[in-house]
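Enquirer: Sending over input19.cif (mmCIF, C-alpha atoms).
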data_my_file
#
loop_
_atom_site.label_atom_id
_atom_site.label_comp_id
_atom_site.auth_asym_id
_atom_site.auth_seq_id
_atom_site.Cartn_x
_atom_site.Cartn_y
_atom_site.Cartn_z
CA MET A 1 19.37 -8.95 45.16
CA TYR A 2 16.47 -8.43 42.80
CA ARG A 3 14.51 -6.09 45.02
CA PHE A 4 15.41 -3.24 42.70
CA LEU A 5 12.76 -4.58 40.32
CA LEU A 6 10.14 -3.22 42.76
CA THR A 7 11.43 0.35 42.63
CA PRO A 8 9.30 2.96 40.78
CA ARG A 9 11.92 3.32 38.06
CA TRP A 10 11.91 -0.39 37.27
CA TRP A 11 8.13 -0.57 37.55
CA ALA A 12 7.95 1.97 34.71
CA ILE A 13 10.53 0.06 32.66
CA ASN A 14 8.78 -3.28 33.14
CA VAL A 15 5.35 -1.88 32.25
CA PHE A 16 6.73 -0.29 29.09
CA VAL A 17 8.43 -3.53 28.01
CA ALA A 18 5.35 -5.61 28.83
CA LEU A 19 3.24 -3.39 26.56
CA ALA A 20 5.76 -2.69 23.80
CA ILE A 21 6.75 -6.27 22.95
CA PRO A 22 3.19 -7.63 22.42
CA PHE A 23 2.27 -4.52 20.44
CA CYS A 24 5.27 -4.92 18.12
CA LEU A 25 4.53 -8.61 17.64
CA TYR A 26 0.87 -7.85 16.85
CA MET A 27 1.75 -5.18 14.30
CA GLY A 28 4.34 -7.43 12.68
CA SER A 29 1.82 -10.27 12.41
CA TRP A 30 -0.76 -7.90 10.95
CA GLN A 31 1.66 -6.65 8.29
CA LEU A 32 2.62 -10.23 7.49
CA GLY A 33 -1.07 -11.07 7.08
CA ARG A 34 -1.49 -8.16 4.65
CA PHE A 35 1.42 -9.47 2.59
CA GLU A 36 -0.02 -12.99 2.53
CA ASP A 37 -3.42 -11.62 1.48
CA ARG A 38 -1.80 -9.81 -1.43
CA VAL A 39 0.01 -12.96 -2.48
CA GLU A 40 -3.22 -14.95 -2.38
CA GLY A 41 -5.06 -12.18 -4.21
CA HIS A 42 -2.41 -12.14 -6.91
CA ARG A 43 -2.70 -15.90 -7.33
CA ASP A 44 -6.50 -15.73 -7.47
CA ASN A 45 -6.44 -12.91 -10.03
CA GLN A 46 -4.04 -14.83 -12.23
CA GLN A 47 -6.34 -17.84 -12.12
CA GLN A 48 -9.34 -15.62 -12.76
CA VAL A 49 -7.71 -14.04 -15.81
CA GLU A 50 -6.84 -17.44 -17.25
CA ALA A 51 -10.35 -18.71 -16.61
CA ALA A 52 -11.92 -15.60 -18.15
CA ARG A 53 -10.32 -16.37 -21.51
CA ILE A 54 -12.58 -19.38 -21.94
CA ALA A 55 -15.40 -18.56 -19.50
CA GLU A 56 -18.89 -17.73 -20.70
CA ALA A 57 -19.42 -13.98 -20.83
CA VAL A 58 -22.12 -12.36 -18.70
CA PRO A 59 -23.94 -9.06 -19.33
CA LEU A 60 -21.70 -6.13 -18.54
CA SER A 61 -24.41 -4.49 -16.44
CA GLN A 62 -24.09 -7.33 -13.90
CA LEU A 63 -20.41 -6.56 -13.32
CA LEU A 64 -20.71 -2.80 -12.86
CA PRO A 65 -19.49 -0.93 -10.93
CA PRO A 66 -16.18 -2.80 -11.12
CA THR A 67 -14.76 -4.36 -7.94
CA THR A 68 -11.79 -6.57 -7.18
CA GLU A 69 -14.11 -9.56 -7.55
CA THR A 70 -15.61 -8.54 -10.91
CA VAL A 71 -12.48 -7.14 -12.56
CA GLY A 72 -11.11 -9.86 -14.83
CA GLU A 73 -14.50 -11.39 -15.52
CA ALA A 74 -15.71 -11.97 -19.08
CA ALA A 75 -18.53 -9.64 -20.16
CA HIS A 76 -20.51 -8.88 -23.28
CA VAL A 77 -22.35 -5.73 -24.34
CA THR A 78 -24.27 -4.68 -27.47
CA GLY A 79 -23.98 -1.21 -28.94
CA THR A 80 -22.53 1.03 -31.61
CA PHE A 81 -18.90 2.11 -31.91
CA ASP A 82 -18.24 5.85 -32.01
CA ALA A 83 -15.41 5.89 -34.55
CA GLU A 84 -15.50 9.69 -34.72
CA HIS A 85 -14.12 9.92 -31.15
CA GLU A 86 -11.65 7.06 -31.43
CA LEU A 87 -8.49 7.62 -29.34
CA LEU A 88 -4.97 6.26 -29.34
CA VAL A 89 -3.14 5.43 -26.08
CA PRO A 90 0.64 5.80 -26.59
CA GLY A 91 3.46 4.41 -24.47
CA ARG A 92 2.14 0.85 -24.13
CA THR A 93 4.37 -2.21 -24.47
CA LEU A 94 3.44 -5.76 -25.36
CA ASP A 95 5.99 -8.56 -25.05
CA GLY A 96 8.71 -5.93 -24.57
CA GLU A 97 7.86 -4.05 -27.80
CA PRO A 98 6.65 -0.43 -27.60
CA GLY A 99 3.36 0.50 -29.20
CA TYR A 100 -0.08 1.92 -28.50
CA TYR A 101 -3.65 0.90 -27.73
CA VAL A 102 -6.61 1.62 -29.98
CA LEU A 103 -9.56 2.79 -27.86
CA THR A 104 -13.01 3.17 -29.38
CA PRO A 105 -16.03 4.20 -27.24
CA LEU A 106 -19.05 1.92 -27.47
CA GLN A 107 -22.50 3.40 -26.92
CA PRO A 108 -24.74 0.64 -25.49
CA ALA A 109 -28.09 -0.03 -27.10
CA ASP A 110 -29.92 0.38 -23.76
CA GLY A 111 -28.82 4.04 -23.53
CA SER A 112 -26.51 3.58 -20.53
CA ARG A 113 -23.14 5.28 -20.22
CA ALA A 114 -20.59 4.59 -22.92
CA VAL A 115 -18.00 1.89 -22.45
CA PRO A 116 -14.36 2.41 -23.51
CA VAL A 117 -13.32 -0.61 -25.58
CA VAL A 118 -9.67 -1.34 -26.35
CA ARG A 119 -9.90 -3.07 -29.73
CA GLY A 120 -6.23 -4.03 -29.74
CA TRP A 121 -2.56 -3.01 -29.80
CA LEU A 122 -0.30 -1.88 -32.62
CA PRO A 123 3.51 -1.53 -32.58
CA GLY A 124 5.42 1.68 -33.18
CA ALA A 125 4.40 5.31 -32.79
CA PRO A 126 0.71 6.24 -32.78
CA ASP A 127 -0.56 6.42 -36.36
CA PRO A 128 -4.30 6.83 -37.05
CA ALA A 129 -3.78 5.72 -40.65
CA ALA A 130 -2.54 2.29 -39.50
CA VAL A 131 -5.65 1.60 -37.41
CA PRO A 132 -8.30 -0.59 -39.06
CA PRO A 133 -11.80 0.89 -39.00
CA ALA A 134 -14.22 -0.10 -36.27
CA PRO A 135 -17.29 -2.20 -37.17
CA GLU A 136 -20.24 -0.11 -38.28
CA GLY A 137 -23.77 -0.40 -36.98
CA GLU A 138 -24.92 -2.25 -33.90
CA THR A 139 -22.52 -4.96 -32.87
CA GLY A 140 -21.86 -7.24 -29.97
CA VAL A 141 -18.57 -7.06 -28.09
CA GLU A 142 -17.09 -9.66 -25.77
CA GLY A 143 -14.15 -8.77 -23.58
CA ILE A 144 -12.55 -8.82 -20.15
CA LEU A 145 -13.59 -6.14 -17.69
CA GLN A 146 -10.72 -3.94 -16.53
CA ALA A 147 -10.55 -1.30 -13.79
CA ALA A 148 -9.78 2.34 -14.51
CA GLU A 149 -6.06 3.04 -14.71
CA SER A 150 -4.01 5.15 -12.35
CA PRO A 151 -1.67 7.75 -13.92
CA ARG A 152 1.12 6.74 -11.57
CA ALA A 153 0.70 3.02 -12.29
CA VAL A 154 0.98 3.40 -16.08
CA ASN A 155 3.50 6.28 -16.06
CA ALA A 156 1.20 8.23 -18.32
CA PRO A 157 2.76 10.81 -20.66
CA THR A 158 1.53 14.39 -20.64
CA GLY A 159 1.12 17.05 -23.30
CA LEU A 160 -0.38 14.64 -25.84
CA PRO A 161 -1.76 15.89 -29.15
CA SER A 162 -5.42 15.76 -30.11
CA GLY A 163 -6.76 12.24 -30.61
CA GLN A 164 -4.56 10.70 -27.91
CA VAL A 165 -5.04 9.99 -24.20
CA GLY A 166 -2.54 8.81 -21.60
CA VAL A 167 -4.84 7.11 -19.07
CA ILE A 168 -7.91 4.96 -19.61
CA GLY A 169 -10.52 6.11 -17.11
CA ALA A 170 -13.54 8.32 -16.71
CA ALA A 171 -11.48 11.15 -15.20
CA SER A 172 -9.42 11.44 -18.40
CA LEU A 173 -12.11 10.67 -20.97
CA ILE A 174 -14.75 13.03 -19.60
CA ASN A 175 -12.86 15.98 -21.09
CA LEU A 176 -12.44 14.29 -24.50
CA LEU A 177 -15.89 12.77 -25.09
CA PRO A 178 -19.21 14.60 -25.33
CA TYR A 179 -20.99 12.01 -23.16
CA GLU A 180 -20.51 10.15 -19.90
CA VAL A 181 -18.47 6.97 -19.78
CA GLU A 182 -18.09 4.11 -17.33
CA ASN A 183 -15.10 4.22 -14.99
CA ALA A 184 -13.93 0.90 -16.46
CA TRP A 185 -13.05 -0.54 -19.83
CA LEU A 186 -13.13 -3.72 -21.87
CA THR A 187 -10.27 -5.44 -23.68
CA VAL A 188 -11.59 -7.65 -26.48
CA ARG A 189 -10.94 -11.36 -26.42
CA GLU A 190 -10.23 -11.54 -30.17
CA ALA A 191 -8.89 -8.60 -32.16
CA ASP A 192 -9.21 -7.92 -35.87
CA GLU A 193 -6.03 -8.02 -37.94
CA PRO A 194 -3.53 -6.36 -37.70
CA LEU A 195 -4.50 -5.56 -34.12
CA THR A 196 -3.30 -7.73 -31.24
CA ALA A 197 -5.62 -8.37 -28.31
CA VAL A 198 -4.42 -6.72 -25.11
CA PRO A 199 -4.08 -9.27 -22.29
CA PRO A 200 -6.03 -8.41 -19.14
CA VAL A 201 -4.21 -7.38 -15.97
CA ALA A 202 -5.04 -7.64 -12.29
CA PRO A 203 -6.53 -4.56 -10.63
CA SER A 204 -4.13 -2.14 -8.99
CA GLY A 205 -3.28 -2.94 -5.37
CA THR A 206 -4.09 -6.66 -5.61
CA GLY A 207 -0.86 -8.06 -7.05
CA LEU A 208 2.75 -8.39 -5.99
CA ASP A 209 3.50 -4.69 -6.44
CA ILE A 210 5.64 -2.34 -4.38
CA LYS A 211 2.97 -2.09 -1.70
CA ALA A 212 3.09 -5.83 -1.11
CA PHE A 213 6.83 -5.75 -0.48
CA GLN A 214 6.38 -2.69 1.74
CA ASN A 215 4.15 -4.83 3.95
CA LEU A 216 6.90 -7.44 4.09
CA GLY A 217 9.45 -4.79 5.05
CA TYR A 218 7.19 -3.42 7.80
CA THR A 219 6.83 -6.95 9.13
CA ALA A 220 10.58 -7.26 9.59
CA GLU A 221 10.79 -3.81 11.22
CA TRP A 222 8.15 -4.57 13.86
CA PHE A 223 9.81 -7.88 14.78
CA VAL A 224 13.18 -6.14 15.05
CA PHE A 225 11.63 -3.53 17.37
CA ALA A 226 10.33 -6.30 19.63
CA ALA A 227 13.72 -8.03 19.78
CA PHE A 228 15.52 -4.72 20.44
CA THR A 229 13.17 -3.89 23.32
CA ALA A 230 13.84 -7.26 24.97
CA PHE A 231 17.60 -6.84 24.47
CA MET A 232 17.66 -3.38 26.05
CA TRP A 233 15.67 -4.61 29.08
CA PHE A 234 18.13 -7.48 29.61
CA ARG A 235 21.07 -5.13 29.26
CA LEU A 236 19.70 -2.72 31.89
CA PHE A 237 18.86 -5.63 34.19
CA ARG A 238 22.36 -7.11 33.96
CA ARG A 239 23.98 -3.74 34.57
CA GLU A 240 21.88 -3.19 37.66
CA VAL A 241 22.80 -6.62 39.06
CA GLU A 242 26.51 -6.03 38.43
CA THR A 243 26.34 -2.67 40.20
CA ILE A 244 24.77 -4.25 43.28
CA ARG A 245 27.38 -7.03 43.38
CA ASP A 246 30.21 -4.54 43.10
CA ALA A 247 28.76 -2.54 45.99
CA GLU A 248 28.57 -5.66 48.15
CA LEU A 249 32.25 -6.37 47.43
CA GLY A 250 33.23 -2.81 48.27
CA ILE A 251 34.12 -1.97 44.69
CA HIS A 252 33.25 1.56 43.76
CA PRO A 253 34.00 2.20 40.10
CA ASP A 254 33.69 5.98 40.52
CA GLY A 255 35.92 6.26 43.66
CA PRO A 256 39.73 6.35 44.13
CA PRO A 257 41.69 3.08 43.83
CA PRO A 258 42.38 1.31 47.14
CA ALA A 259 45.85 1.52 48.78
CA THR A 260 48.10 -1.42 48.07
CA GLY A 261 50.71 -0.96 50.84
CA GLU A 262 52.93 1.50 52.79
CA PHE A 263 56.66 2.08 53.04
CA ARG A 264 58.04 3.08 56.47
CA THR A 265 61.61 4.00 57.41
CA ASP A 266 63.28 5.27 60.54
CA ALA A 267 64.40 8.36 58.71
CA GLY A 268 60.85 9.63 58.43
CA PRO A 269 58.06 9.42 55.90
CA ASP A 270 59.74 11.71 53.39
CA ALA A 271 63.10 9.97 53.37
CA PRO A 272 64.01 8.04 50.25
CA PRO A 273 64.46 4.30 50.46
CA GLY A 274 67.83 3.20 51.86
CA ASP A 275 68.38 6.09 54.36
CA GLY A 276 67.19 4.26 57.49
CA ASP A 277 69.07 2.13 59.99
CA GLY A 278 67.55 -0.98 58.59
CA ASP A 279 69.33 -0.37 55.28
CA ALA A 280 72.61 0.33 57.03
CA ASP A 281 72.36 -2.88 59.00
CA ALA A 282 71.57 -4.82 55.90
CA ALA A 283 74.60 -3.40 54.13
CA GLY A 284 76.95 -5.47 56.34
CA PRO A 285 79.97 -4.41 58.43
CA THR A 286 81.81 -1.25 57.56
CA ASP A 287 85.61 -1.19 57.32
CA THR A 288 86.80 1.88 59.28
CA GLY A 289 90.51 1.05 59.31
CA ALA A 290 90.66 0.88 63.12
CA PRO A 291 92.94 -1.74 64.68
CA ASP A 292 91.41 -4.79 66.17
CA THR A 293 91.31 -4.31 69.95
CA ALA A 294 89.80 -7.61 70.80
CA ALA A 295 91.34 -9.52 73.71
CA PRO A 296 93.78 -12.26 72.89
CA GLY A 297 91.41 -14.95 74.06
CA ALA A 298 88.68 -13.75 71.86
CA ALA A 299 90.38 -14.77 68.64
CA GLY A 300 87.98 -16.35 66.16
CA GLN A 301 85.01 -14.79 67.91
CA GLN A 302 82.80 -12.02 66.57
CA SER A 303 83.97 -8.52 67.43
CA ALA A 304 82.16 -6.83 70.27
CA VAL A 305 81.70 -3.72 68.15
CA PRO A 306 78.23 -3.83 66.56
CA THR A 307 78.31 -4.61 62.92
CA GLY A 308 77.88 -1.59 60.77
CA ARG A 309 78.95 0.91 63.53
CA PRO A 310 82.44 2.54 63.80
CA ALA A 311 84.70 1.33 66.58
CA PRO A 312 85.34 3.78 69.42
CA GLU A 313 88.54 5.73 69.19
CA THR A 314 91.34 4.76 71.72
CA GLU A 315 94.13 6.83 73.16
CA PRO A 316 97.47 6.18 71.47
CA ALA A 317 99.94 4.27 73.64
CA ALA A 318 102.75 6.36 75.18
CA PRO A 319 106.23 5.59 73.84
CA ALA A 320 108.52 3.55 76.06
CA THR A 321 111.30 5.51 77.94
CA THR A 322 114.75 4.23 79.03
CA ALA A 323 116.34 5.40 82.25
CA LEU A 324 119.74 7.00 81.63
CA PRO A 325 122.55 6.42 84.13
CA THR A 326 123.63 9.47 86.07
CA ARG A 327 127.23 10.53 86.60
CA GLY A 328 128.36 10.85 90.15
#
Mind turning the file's structure into structure tokens?

Expert:
Amino acid sequence: MYRFLLTPRWWAINVFVALAIPFCLYMGSWQLGRFEDRVEGHRDNQQQVEAARIAEAVPLSQLLPPTTETVGEAAHVTGTFDAEHELLVPGRTLDGEPGYYVLTPLQPADGSRAVPVVRGWLPGAPDPAAVPPAPEGETGVEGILQAAESPRAVNAPTGLPSGQVGVIGAASLINLLPYEVENAWLTVREADEPLTAVPPVAPSGTGLDIKAFQNLGYTAEWFVFAAFTAFMWFRLFRREVETIRDAELGIHPDGPPPATGEFRTDAGPDAPPGDGDGDADAAGPTDTGAPDTAAPGAAGQQSAVPTGRPAPETEPAAPATTALPTRG
């Protein structure tokens, strides 16, 4: 019965299924692994950020250029703040309250590229008059290394006035500062009053963001594809088996229905039921009004005339005549 599996058509179907199901399972497992890596990376970054608050700071030059391993590490650098080119970063919230960052470039003493330093956060609309002045002269700064921001990640505003910037990164600052800057920034551990220190964040693409849940969604899709492929193969297989069994039983779904019986009468094939002799016989004897001509000794016996047929007509008896006497 299962010889149809060896036909070219089923060979192609079987090869496709044998390749498609393992491929879907592999891709689903790979996407699941990506999601688990992001979850572990998010957990590690959270632990790293917490540890960096109390960890001993290392020279900033050892952590540059920033990577996923170095972002969140504590660093220290010595240099001079450039208060003349201080910038405000609007549209930043802290504990649900809107405000802005205060960013002051620091020119390192060793002559390397400048480092953007976020000295803290203030509530409300950007106001240069509310910002406390930066320390003068050479000073040491300790902070947490942060990666350059993405405009899409921070929903950066556009059309900002002079003295403001929407994104913290070399691509944005290069047009506002007369010198080169690192493509990273520091957030200070302790801020001067009334500033509030900005808590560090995990680098983009390493936390439980939308990309992580996209990986989880792709995982479900690949596993569904594998299950659907197996279901369709089983459905085609069962249909083929049912077709073969129907053919063996003489059942042809696409042909005319088989005859269930015939009606035959003596009056011919086109005569309606009840016109044949058989119906007349079954109707019983017919009363024709003819006198009973049976012999006297046949009383109580069945008439010789066939039941259902008219009795033959008989000649009427001649009337009796009486001889009249003649006159002499």

Enquirer: Could you check the closest approach to His42 of chain A for each of A:Thr78, A:Ser150, A:Ala55, A:Val201 and tell me which residue wins, using all atoms listed in the file?

Expert: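 The closest residue to His42 of chain A is A:Val201.
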
Enquirer: For atom CA of Ala147 of chain A and atom CA of Ser162 of chain A, determine how far apart the two atoms are, in Å to one decimal place.

Expert: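 Pair atom CA of Ala147 of chain A / atom CA of Ser162 of chain A returns 24.2 Å.
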
Enquirer: Counting only C-alpha atoms, figure out which residue out of A:Ala227, A:Glu97, A:Ile210, A:Val198 gets nearest to Gly28 of chain A.

Expert: A:Ala227

Enquirer: Rounded to one decimal in Å, what is the spacing between atom CA of Phe228 of chain A and atom CA of Arg34 of chain A?

Expert: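 Between atom CA of Phe228 of chain A and atom CA of Arg34 of chain A the gap is 23.5 Å.
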
Enquirer: Point out the residue among A:Val115, A:Pro133, A:Gly33, A:Gly79 with the least atom-to-atom distance to Glu180 of chain A, counting only C-alpha atoms.

Expert: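 With only C-alpha atoms as the atom set, the closest residue is A:Val115.
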
Enquirer: Quick check, in Å to one decimal: how far apart do atom CA of Ala148 of chain A and atom CA of Gln31 of chain A lie?

Expert: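 Taking atom CA of Ala148 of chain A as the start and atom CA of Gln31 of chain A as the end point, the length is 27.0 Å.
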